[in-house]
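**Student:** For reference, the structure I am asking about is given below.
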Amino acid sequence: MKKIAATAVIGIVALAATGCSTGGGDSAGSSDGKGPIKVWLSNNEQELAWGHAVVDAWNKEHPDEKVTAQEIPAGSSSEEAITAAITAGTAPCLVYNVAPAAVSGWVKQGGLVDLSKIDGGSDYITSRGGKVDAYATDGDFYQLPWKSNPVMVMYNKKLFQAAGIDPENPQMNTYDAFLKGAKAIVDSGVKSAIWPAPTSEFYQPWFDFYPLYLAETDGTMLVEKGKATFDSDAGHQVAEFWKKVYDEKLAPNEASTDDAMSAGTTAMQLAGPWAIPSYADTVDVGFMPVPTSDGRENPTTFADSKSVSMFTACKNQGTAWEFLKFSTSEDSDGQLLEKTGQMPMRTDLAGTYADYFTANPNYVAFAKQAEATADVPSIPNSVEAWQAFRDGYSSAVIFGKTSIDDFLSSAAKKIDTLAAG
């Protein structure tokens with residue numbers, strides 16, 4: 001699945017390393033220090049083009065505070081490279097591809113600057129992003145919530161049409177209707193109706209269980225106030241839904257050997273707006289909200305967001321802060337939207353960039369969906385908590401080796417302990 005490879009992967013070993021307190025340390029730079037800085041960008045082609053354009057624009061206006069941009073160094077994941085740089089004291093000033101799940105570990109490691117302590121920092125973050133308290137760690141912002149890829153159900157219109165489903169109005173917004181449509185797809189000869197990755201990586205719940213759980217609970221995160229929330233009626237409903245998908249052979253429980261959407265071996269996948277340009281030449285795709293038990297309109301879904309963080313190795317933090325604001329201004333965010341199709345995390349997105357959405361109607365659904373998203377909780381031992389959840393989910397839901405009751409109860413107890421630090 002392209003999405004996992006492109007933006008969601010976080011190295012388990014790398015993030016486990018952030019539990020230590022070595023590296024980073026107290027801020028090496030000055031909050032008002034001015035001068036050259038380095039920033040790291042995602043290796044996504046469209047984001048690189050955006051990043052270099054913003055850097056060029058800044059450098060023309062600030063010749064004495066030059067910004068140098070490069071791709072995040074190669075590694076098994078972006079986070080592994082960042083963790084290694086924190087430990088070595090060689091992190092850049094800013095990274096534009098931070099997964100919120102990684103932040104609490106890096107704070108513990110001493111690698112991140114508390115943006116709330118910068119004059120006007122909290123005000124800027126909240127005025128741009130609105131209700132972003134969930135991105136705070138111990139009440140402070142060590143990340144600026146930057147962009148999101150709201151997860152929706154992406155589908156192949158041609159395969160829907162062949163299965164007798166209206167591709168412009170599938171009417172699959174309830175669990176029952178979704179399962180009925182999925183069965184029609186498989187009966188029409190398609191290998192799978194939907195194909196979530198059945199592998200064991202800790203982040204995989206973000207693309208099967210978690211979006212539907214957020215939808216079913218109107219945005220309840222996996223952990224709130226230090227306690228797991230999913231051993232509940234809603235958690236049971238979502239797990240039972242996915243178990244039916246596997247039990248009725250509507251999704252394979254082995255990994256795809258290719259891009260199943262492009263190959264036509266699946267009709268649906270959970271994805272964000274990144275998929276529109278990715279599949280523009282191969283599949284005529286449509287998007288619909290994730291299903292809920294009662295078919296509610298515009299349900300909450302997983303934001304699949306990325307943030308920008310400042311690192312304590314940065315000497316010229318004054319320049320870094322000014323460049324962070326410059327690169328997340330209304331104008332720069334508009335350029336990000338134009339070049340990548342990803343949703344800047346700012347208030348009144350559709351109104352602010354009305355011309356863009358008029359010219360690009362395929363993205364309108366995501367602009368609307370961006371108003372109803374939630375992310376991963378900011379908790380200690382985040383990776384370990386998600387891994388405990390995934391292990392139990394895989395056993396009970398995907399492979400049917402244990403009961404859903406046991407999975408939810410056992411995983412909740414493990415995660416309560418982990419979240420307590």
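Numbering starts fresh at 1 for the residues of each chain in the structure tokens, the chains themselves are lettered A, B, ... in the order given, and ligands are numbered from 1 as they appear.
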Would you mind listing what lies within 8 Å of region 65-77 of chain A as a list in words, with only C-alpha atoms counted and same-chain residues fewer than 2 positions away left out?
**Tutor:** Val9, Ile10, Gly11, Lys34, Gly35, Pro36, Ile37, Lys38, Val39, Trp40, Leu41, Ser42, Asn43, Leu48, Gly51, His52, Val55, Trp58, Asn59, His62, Pro63, Glu79, Glu80, Ala81, Ile82 and Thr319 of chain A
**Student:** Per DSSP on the backbone, filter region 209-260 of chain A down to the residues in strand (DSSP E) and report them as a PyMOL selection string.
**Tutor:** chain A and resi 223-224+227-228
**Student:** Keeping only N, CA and C atoms, write the selected residues to a file as an mmCIF file, in the first residue's frame.
**Tutor:**
data_model
loop_
_atom_site.group_PDB
_atom_site.id
_atom_site.type_symbol
_atom_site.label_atom_id
_atom_site.label_comp_id
_atom_site.auth_asym_id
_atom_site.auth_seq_id
_atom_site.Cartn_x
_atom_site.Cartn_y
_atom_site.Cartn_z
ATOM 1 N N VAL A 223 -6.461 6.267 23.682
ATOM 2 C CA VAL A 223 -6.165 6.475 25.101
ATOM 3 C C VAL A 223 -6.552 7.898 25.459
ATOM 4 N N GLU A 224 -7.296 8.059 26.525
ATOM 5 C CA GLU A 224 -7.645 9.385 27.017
ATOM 6 C C GLU A 224 -7.506 9.408 28.525
ATOM 7 N N LYS A 227 -5.929 6.346 30.159
ATOM 8 C CA LYS A 227 -6.604 5.048 30.163
ATOM 9 C C LYS A 227 -7.073 4.675 28.759
ATOM 10 N N ALA A 228 -6.952 3.396 28.436
ATOM 11 C CA ALA A 228 -7.453 2.899 27.159
ATOM 12 C C ALA A 228 -8.973 3.036 27.128
#
**Student:** Mind checking which residues fall within 10 Å of Ser293 (chain A), counting only C-alpha atoms, ignoring those fewer than 5 positions away in the same chain, and posting them as a PyMOL selection string?
**Tutor:** chain A and resi 173-178+212+215-216+234+237-238+241
**Student:** Limited to C-alpha atoms, could you put the picked residues into a file as a PDB file, in the first residue's frame?
**Tutor:**
ATOM      1  CA  ASN A 173     -22.263   4.246   4.998  1.00  0.00           C
ATOM      2  CA  THR A 174     -23.573   1.666   7.513  1.00  0.00           C
ATOM      3  CA  TYR A 175     -21.836  -1.563   8.495  1.00  0.00           C
ATOM      4  CA  ASP A 176     -24.639  -3.650   7.022  1.00  0.00           C
ATOM      5  CA  ALA A 177     -24.689  -1.716   3.746  1.00  0.00           C
ATOM      6  CA  PHE A 178     -20.901  -1.827   3.503  1.00  0.00           C
ATOM      7  CA  LEU A 212     -13.716   3.422  12.202  1.00  0.00           C
ATOM      8  CA  ALA A 215     -16.017   7.520  13.590  1.00  0.00           C
ATOM      9  CA  GLU A 216     -18.077   5.312  15.884  1.00  0.00           C
ATOM     10  CA  ALA A 234     -17.993   0.875  20.294  1.00  0.00           C
ATOM     11  CA  GLN A 237     -18.679  -3.092  17.278  1.00  0.00           C
ATOM     12  CA  VAL A 238     -15.706  -1.982  15.202  1.00  0.00           C
ATOM     13  CA  PHE A 241     -17.238  -5.464  11.818  1.00  0.00           C
TER      14      PHE A 241
END
**Student:** Calculated over only C-alpha atoms, which of the candidates A:Leu179, A:Met172, A:Ala263, A:Val308 has the smallest distance to Phe287 (chain A)?
**Tutor:**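 Of A:Leu179, A:Met172, A:Ala263, A:Val308, the one nearest Phe287 (chain A), counting only C-alpha atoms, is A:Met172.
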**Student:** Any idea what's packed within 12 Å of Leu144 (chain A), counting only C-alpha atoms, ignoring anything in its chain fewer than 6 positions away? Could you give it as a PyMOL selection string?
**Tutor:** chain A and resi 94-100+103+112-116+121-130+132-137+305-310+321+324-325+327-328+344-346
**Student:** Okay, now the selection with N, CA and C atoms, as a CSV table (one decimal), in the first residue's frame?
**Tutor:**
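Listing of selection.csv after writing:
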chain,number,residue,atom,x,y,z
A,94,LEU,N,14.8,22.4,12.0
A,94,LEU,CA,13.4,22.0,11.8
A,94,LEU,C,13.2,20.8,10.9
A,95,VAL,N,12.2,20.0,11.2
A,95,VAL,CA,11.9,18.8,10.4
A,95,VAL,C,10.4,18.9,10.0
A,96,TYR,N,10.2,18.9,8.7
A,96,TYR,CA,8.8,19.0,8.2
A,96,TYR,C,8.3,17.6,7.8
A,97,ASN,N,8.3,16.7,8.7
A,97,ASN,CA,7.7,15.4,8.5
A,97,ASN,C,7.6,14.6,9.8
A,98,VAL,N,7.2,15.3,10.9
A,98,VAL,CA,7.2,14.7,12.2
A,98,VAL,C,5.8,13.9,12.5
A,99,ALA,N,5.9,12.7,12.8
A,99,ALA,CA,4.7,11.9,13.2
A,99,ALA,C,4.4,12.2,14.6
A,100,PRO,N,3.2,12.6,14.9
A,100,PRO,CA,2.8,13.0,16.3
A,100,PRO,C,3.1,11.9,17.3
A,103,VAL,N,6.6,12.2,19.1
A,103,VAL,CA,7.0,13.4,19.8
A,103,VAL,C,7.2,13.2,21.3
A,112,LEU,N,13.7,18.1,21.6
A,112,LEU,CA,12.8,19.1,21.0
A,112,LEU,C,12.7,20.3,21.8
A,113,VAL,N,12.6,21.4,21.1
A,113,VAL,CA,12.3,22.7,21.7
A,113,VAL,C,10.9,22.9,22.1
A,114,ASP,N,10.6,23.4,23.2
A,114,ASP,CA,9.2,23.7,23.6
A,114,ASP,C,8.8,25.0,23.0
A,115,LEU,N,8.0,24.9,21.9
A,115,LEU,CA,7.5,26.1,21.2
A,115,LEU,C,6.6,27.0,22.0
A,116,SER,N,6.0,26.4,23.1
A,116,SER,CA,5.2,27.3,23.9
A,116,SER,C,6.0,28.3,24.7
A,121,GLY,N,4.5,31.8,20.8
A,121,GLY,CA,4.4,30.5,20.2
A,121,GLY,C,3.1,29.8,20.3
A,122,SER,N,2.6,29.7,21.5
A,122,SER,CA,1.3,29.0,21.7
A,122,SER,C,0.2,29.7,20.9
A,123,ASP,N,0.2,31.0,20.9
A,123,ASP,CA,-0.8,31.8,20.3
A,123,ASP,C,-0.8,31.6,18.8
A,124,TYR,N,0.4,31.5,18.2
A,124,TYR,CA,0.5,31.3,16.7
A,124,TYR,C,0.0,29.9,16.4
A,125,ILE,N,0.3,28.9,17.2
A,125,ILE,CA,-0.1,27.5,16.9
A,125,ILE,C,-1.6,27.4,17.0
A,126,THR,N,-2.2,27.9,18.0
A,126,THR,CA,-3.6,27.8,18.2
A,126,THR,C,-4.4,28.7,17.2
A,127,SER,N,-3.9,29.8,16.9
A,127,SER,CA,-4.6,30.7,16.0
A,127,SER,C,-4.6,30.1,14.6
A,128,ARG,N,-3.6,29.4,14.2
A,128,ARG,CA,-3.5,28.8,12.9
A,128,ARG,C,-4.3,27.5,12.8
A,129,GLY,N,-4.2,26.7,13.9
A,129,GLY,CA,-4.7,25.3,13.8
A,129,GLY,C,-6.1,25.2,14.5
A,130,GLY,N,-6.5,26.1,15.4
A,130,GLY,CA,-7.7,25.9,16.1
A,130,GLY,C,-7.6,25.0,17.3
A,132,VAL,N,-6.2,22.4,18.8
A,132,VAL,CA,-5.0,21.5,18.6
A,132,VAL,C,-4.4,21.0,20.0
A,133,ASP,N,-5.2,21.1,21.0
A,133,ASP,CA,-4.7,20.7,22.3
A,133,ASP,C,-4.2,19.3,22.4
A,134,ALA,N,-4.8,18.4,21.5
A,134,ALA,CA,-4.4,17.0,21.5
A,134,ALA,C,-2.9,16.8,21.1
A,135,TYR,N,-2.4,17.8,20.5
A,135,TYR,CA,-1.0,17.8,20.0
A,135,TYR,C,0.0,18.3,21.0
A,136,ALA,N,-0.5,18.7,22.2
A,136,ALA,CA,0.4,19.1,23.3
A,136,ALA,C,0.9,17.9,24.1
A,137,THR,N,2.1,18.1,24.6
A,137,THR,CA,2.7,17.1,25.5
A,137,THR,C,2.9,17.7,26.9
A,305,SER,N,-1.9,12.9,10.4
A,305,SER,CA,-1.2,14.2,10.2
A,305,SER,C,0.3,14.1,10.4
A,306,LYS,N,0.9,15.2,10.0
A,306,LYS,CA,2.3,15.4,10.2
A,306,LYS,C,2.6,16.8,10.7
A,307,SER,N,3.6,16.9,11.6
A,307,SER,CA,3.9,18.2,12.3
A,307,SER,C,5.2,18.7,11.9
A,308,VAL,N,5.5,19.9,12.3
A,308,VAL,CA,6.9,20.4,12.3
A,308,VAL,C,7.4,20.6,13.7
A,309,SER,N,8.6,20.2,14.0
A,309,SER,CA,9.2,20.4,15.3
A,309,SER,C,10.6,21.1,15.1
A,310,MET,N,10.9,21.8,16.2
A,310,MET,CA,12.3,22.4,16.3
A,310,MET,C,13.1,21.6,17.2
A,321,TRP,N,12.3,29.9,14.2
A,321,TRP,CA,11.0,30.2,14.6
A,321,TRP,C,10.3,31.1,13.5
A,324,LEU,N,9.7,29.1,10.5
A,324,LEU,CA,8.6,28.2,10.7
A,324,LEU,C,7.3,28.9,10.5
A,325,LYS,N,7.2,30.1,11.0
A,325,LYS,CA,6.0,30.9,10.7
A,325,LYS,C,5.8,31.3,9.3
A,327,SER,N,6.9,29.6,6.7
A,327,SER,CA,6.5,28.4,5.9
A,327,SER,C,5.2,27.8,6.2
A,328,THR,N,4.5,28.3,7.3
A,328,THR,CA,3.2,27.9,7.6
A,328,THR,C,2.2,29.0,7.6
A,344,PRO,N,-3.5,21.6,4.7
A,344,PRO,CA,-2.9,22.3,5.8
A,344,PRO,C,-3.9,22.3,7.0
A,345,MET,N,-3.3,22.2,8.2
A,345,MET,CA,-4.1,22.1,9.4
A,345,MET,C,-4.3,23.5,9.9
A,346,ARG,N,-5.3,24.2,9.3
A,346,ARG,CA,-5.7,25.5,9.7
A,346,ARG,C,-7.2,25.7,9.7
**Student:** Using DSSP on the backbone, list every residue of region 166-338 of chain A that comes out as helix (DSSP H, G or I), and give them as an NGL selection string.
**Tutor:** :A and (175-187 or 204-207 or 209-216 or 233-247 or 260-263 or 275-278 or 317-327 or 330-338)
**Student:** With only C-alpha atoms as the atoms that count, which of A:Gln342, A:Ala359, A:Pro291, A:Ser78 lies nearest to Gly181 (chain A)?
**Tutor:**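 Distance minimum relative to Gly181 (chain A) lands on A:Pro291.
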**Student:** Expressed in Å to a single decimal, how great is the separation between CA of Ala367 (chain A) and CA of Lys147 (chain A)?
**Tutor:**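 We find that CA of Ala367 (chain A) and CA of Lys147 (chain A) lie 11.7 Å from each other.
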**Student:** With distances taken over only C-alpha atoms, which of A:His236, A:Lys191, A:Lys401, A:Arg390 is nearest to Leu159 (chain A)?
**Tutor:**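 Of all the options, A:Lys191 lies closest to Leu159 (chain A).
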**Student:** Neighbours of region 149-155 of chain A within 8 Å (only C-alpha atoms; same-chain residues fewer than 2 positions away dropped), as number ranges by chain?
**Tutor:** A: 147, 157, 160, 207, 211, 267-274, 285-290, 301-305, 342-343, 366, 369-370, 373
**Student:** So that I have them on file, write out the residues from the current selection with N, CA and C atoms, as a PDB file, in the first residue's frame.
**Tutor:**
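Saved the output as out.pdb:
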ATOM      1  N   LYS A 147       0.007  19.463   8.584  1.00  0.00           N
ATOM      2  CA  LYS A 147      -0.855  19.024   7.485  1.00  0.00           C
ATOM      3  C   LYS A 147      -1.480  17.683   7.821  1.00  0.00           C
ATOM      4  N   LYS A 157     -14.115   3.190  -9.148  1.00  0.00           N
ATOM      5  CA  LYS A 157     -15.461   3.401  -9.688  1.00  0.00           C
ATOM      6  C   LYS A 157     -15.842   2.336 -10.712  1.00  0.00           C
ATOM      7  N   PHE A 160     -16.880  -0.807  -8.917  1.00  0.00           N
ATOM      8  CA  PHE A 160     -18.187  -0.598  -8.280  1.00  0.00           C
ATOM      9  C   PHE A 160     -19.301  -0.733  -9.318  1.00  0.00           C
ATOM     10  N   PHE A 207      -5.001   2.408   9.756  1.00  0.00           N
ATOM     11  CA  PHE A 207      -5.600   2.255   8.430  1.00  0.00           C
ATOM     12  C   PHE A 207      -6.590   1.091   8.370  1.00  0.00           C
ATOM     13  N   PRO A 211      -9.587   4.452  12.246  1.00  0.00           N
ATOM     14  CA  PRO A 211     -10.521   5.409  11.627  1.00  0.00           C
ATOM     15  C   PRO A 211     -11.983   5.088  11.936  1.00  0.00           C
ATOM     16  N   ALA A 267     -11.141  -3.491  -4.640  1.00  0.00           N
ATOM     17  CA  ALA A 267     -11.982  -2.375  -5.065  1.00  0.00           C
ATOM     18  C   ALA A 267     -11.907  -1.197  -4.115  1.00  0.00           C
ATOM     19  N   MET A 268     -11.422  -1.440  -2.890  1.00  0.00           N
ATOM     20  CA  MET A 268     -11.405  -0.371  -1.893  1.00  0.00           C
ATOM     21  C   MET A 268     -10.132  -0.418  -1.070  1.00  0.00           C
ATOM     22  N   GLN A 269      -9.790   0.726  -0.508  1.00  0.00           N
ATOM     23  CA  GLN A 269      -8.665   0.866   0.408  1.00  0.00           C
ATOM     24  C   GLN A 269      -8.919   2.102   1.245  1.00  0.00           C
ATOM     25  N   LEU A 270      -8.355   2.148   2.438  1.00  0.00           N
ATOM     26  CA  LEU A 270      -8.435   3.358   3.241  1.00  0.00           C
ATOM     27  C   LEU A 270      -7.261   4.251   2.878  1.00  0.00           C
ATOM     28  N   ALA A 271      -7.523   5.498   2.538  1.00  0.00           N
ATOM     29  CA  ALA A 271      -6.474   6.383   2.029  1.00  0.00           C
ATOM     30  C   ALA A 271      -6.867   7.838   2.254  1.00  0.00           C
ATOM     31  N   GLY A 272      -5.894   8.721   2.023  1.00  0.00           N
ATOM     32  CA  GLY A 272      -6.113  10.153   2.137  1.00  0.00           C
ATOM     33  C   GLY A 272      -5.990  10.843   0.790  1.00  0.00           C
ATOM     34  N   PRO A 273      -5.974  12.171   0.770  1.00  0.00           N
ATOM     35  CA  PRO A 273      -5.948  12.893  -0.511  1.00  0.00           C
ATOM     36  C   PRO A 273      -4.672  12.669  -1.314  1.00  0.00           C
ATOM     37  N   TRP A 274      -3.607  12.169  -0.675  1.00  0.00           N
ATOM     38  CA  TRP A 274      -2.405  11.801  -1.425  1.00  0.00           C
ATOM     39  C   TRP A 274      -2.734  10.865  -2.582  1.00  0.00           C
ATOM     40  N   VAL A 285     -10.797   6.892  -9.229  1.00  0.00           N
ATOM     41  CA  VAL A 285     -11.159   6.651  -7.839  1.00  0.00           C
ATOM     42  C   VAL A 285     -12.249   7.601  -7.365  1.00  0.00           C
ATOM     43  N   GLY A 286     -13.043   7.091  -6.440  1.00  0.00           N
ATOM     44  CA  GLY A 286     -13.996   7.901  -5.704  1.00  0.00           C
ATOM     45  C   GLY A 286     -13.694   7.778  -4.229  1.00  0.00           C
ATOM     46  N   PHE A 287     -14.293   8.634  -3.411  1.00  0.00           N
ATOM     47  CA  PHE A 287     -14.064   8.609  -1.966  1.00  0.00           C
ATOM     48  C   PHE A 287     -15.391   8.736  -1.231  1.00  0.00           C
ATOM     49  N   MET A 288     -15.492   8.006  -0.142  1.00  0.00           N
ATOM     50  CA  MET A 288     -16.663   8.120   0.727  1.00  0.00           C
ATOM     51  C   MET A 288     -16.195   8.021   2.174  1.00  0.00           C
ATOM     52  N   PRO A 289     -16.974   8.560   3.126  1.00  0.00           N
ATOM     53  CA  PRO A 289     -16.581   8.471   4.538  1.00  0.00           C
ATOM     54  C   PRO A 289     -16.512   7.022   5.004  1.00  0.00           C
ATOM     55  N   VAL A 290     -15.732   6.780   6.039  1.00  0.00           N
ATOM     56  CA  VAL A 290     -15.696   5.439   6.611  1.00  0.00           C
ATOM     57  C   VAL A 290     -17.067   5.117   7.183  1.00  0.00           C
ATOM     58  N   THR A 301     -12.709  10.935  11.498  1.00  0.00           N
ATOM     59  CA  THR A 301     -11.799   9.900  11.028  1.00  0.00           C
ATOM     60  C   THR A 301     -10.382  10.228  11.487  1.00  0.00           C
ATOM     61  N   PHE A 302      -9.448   9.347  11.169  1.00  0.00           N
ATOM     62  CA  PHE A 302      -8.051   9.531  11.525  1.00  0.00           C
ATOM     63  C   PHE A 302      -7.434  10.627  10.662  1.00  0.00           C
ATOM     64  N   ALA A 303      -6.746  11.575  11.293  1.00  0.00           N
ATOM     65  CA  ALA A 303      -6.172  12.716  10.573  1.00  0.00           C
ATOM     66  C   ALA A 303      -4.941  12.329   9.756  1.00  0.00           C
ATOM     67  N   ASP A 304      -4.218  11.305  10.182  1.00  0.00           N
ATOM     68  CA  ASP A 304      -2.951  10.938   9.538  1.00  0.00           C
ATOM     69  C   ASP A 304      -2.119  12.193   9.301  1.00  0.00           C
ATOM     70  N   SER A 305      -1.893  12.941  10.371  1.00  0.00           N
ATOM     71  CA  SER A 305      -1.248  14.249  10.249  1.00  0.00           C
ATOM     72  C   SER A 305       0.262  14.149  10.395  1.00  0.00           C
ATOM     73  N   GLN A 342      -2.397  17.957  -0.092  1.00  0.00           N
ATOM     74  CA  GLN A 342      -2.568  17.626   1.318  1.00  0.00           C
ATOM     75  C   GLN A 342      -3.121  18.833   2.060  1.00  0.00           C
ATOM     76  N   MET A 343      -3.863  18.560   3.121  1.00  0.00           N
ATOM     77  CA  MET A 343      -4.646  19.585   3.785  1.00  0.00           C
ATOM     78  C   MET A 343      -3.865  20.305   4.880  1.00  0.00           C
ATOM     79  N   PHE A 366     -12.319  15.994   1.048  1.00  0.00           N
ATOM     80  CA  PHE A 366     -11.281  15.965   2.070  1.00  0.00           C
ATOM     81  C   PHE A 366     -11.247  17.262   2.865  1.00  0.00           C
ATOM     82  N   GLN A 369     -13.933  16.721   5.240  1.00  0.00           N
ATOM     83  CA  GLN A 369     -13.549  15.706   6.216  1.00  0.00           C
ATOM     84  C   GLN A 369     -12.485  16.235   7.186  1.00  0.00           C
ATOM     85  N   ALA A 370     -11.655  17.150   6.711  1.00  0.00           N
ATOM     86  CA  ALA A 370     -10.597  17.699   7.564  1.00  0.00           C
ATOM     87  C   ALA A 370     -11.154  18.404   8.791  1.00  0.00           C
ATOM     88  N   THR A 373     -11.670  15.330  12.279  1.00  0.00           N
ATOM     89  CA  THR A 373     -10.587  14.365  12.403  1.00  0.00           C
ATOM     90  C   THR A 373     -10.070  14.326  13.832  1.00  0.00           C
TER      91      THR A 373
END
**Student:** May I ask for the distance between CA of Pro198 (chain A) and CA of Tyr246 (chain A), given in Å to one decimal place?
**Tutor:**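 Rounded to one decimal, the two atoms are 10.3 Å apart.
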**Student:** Of the candidates A:Val54, A:Leu418, A:Val376, A:Val245, which one gets nearest to Gly334 (chain A) if we count only C-alpha atoms?
**Tutor:**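 Of the candidates, the smallest distance to Gly334 (chain A) is held by A:Val54.
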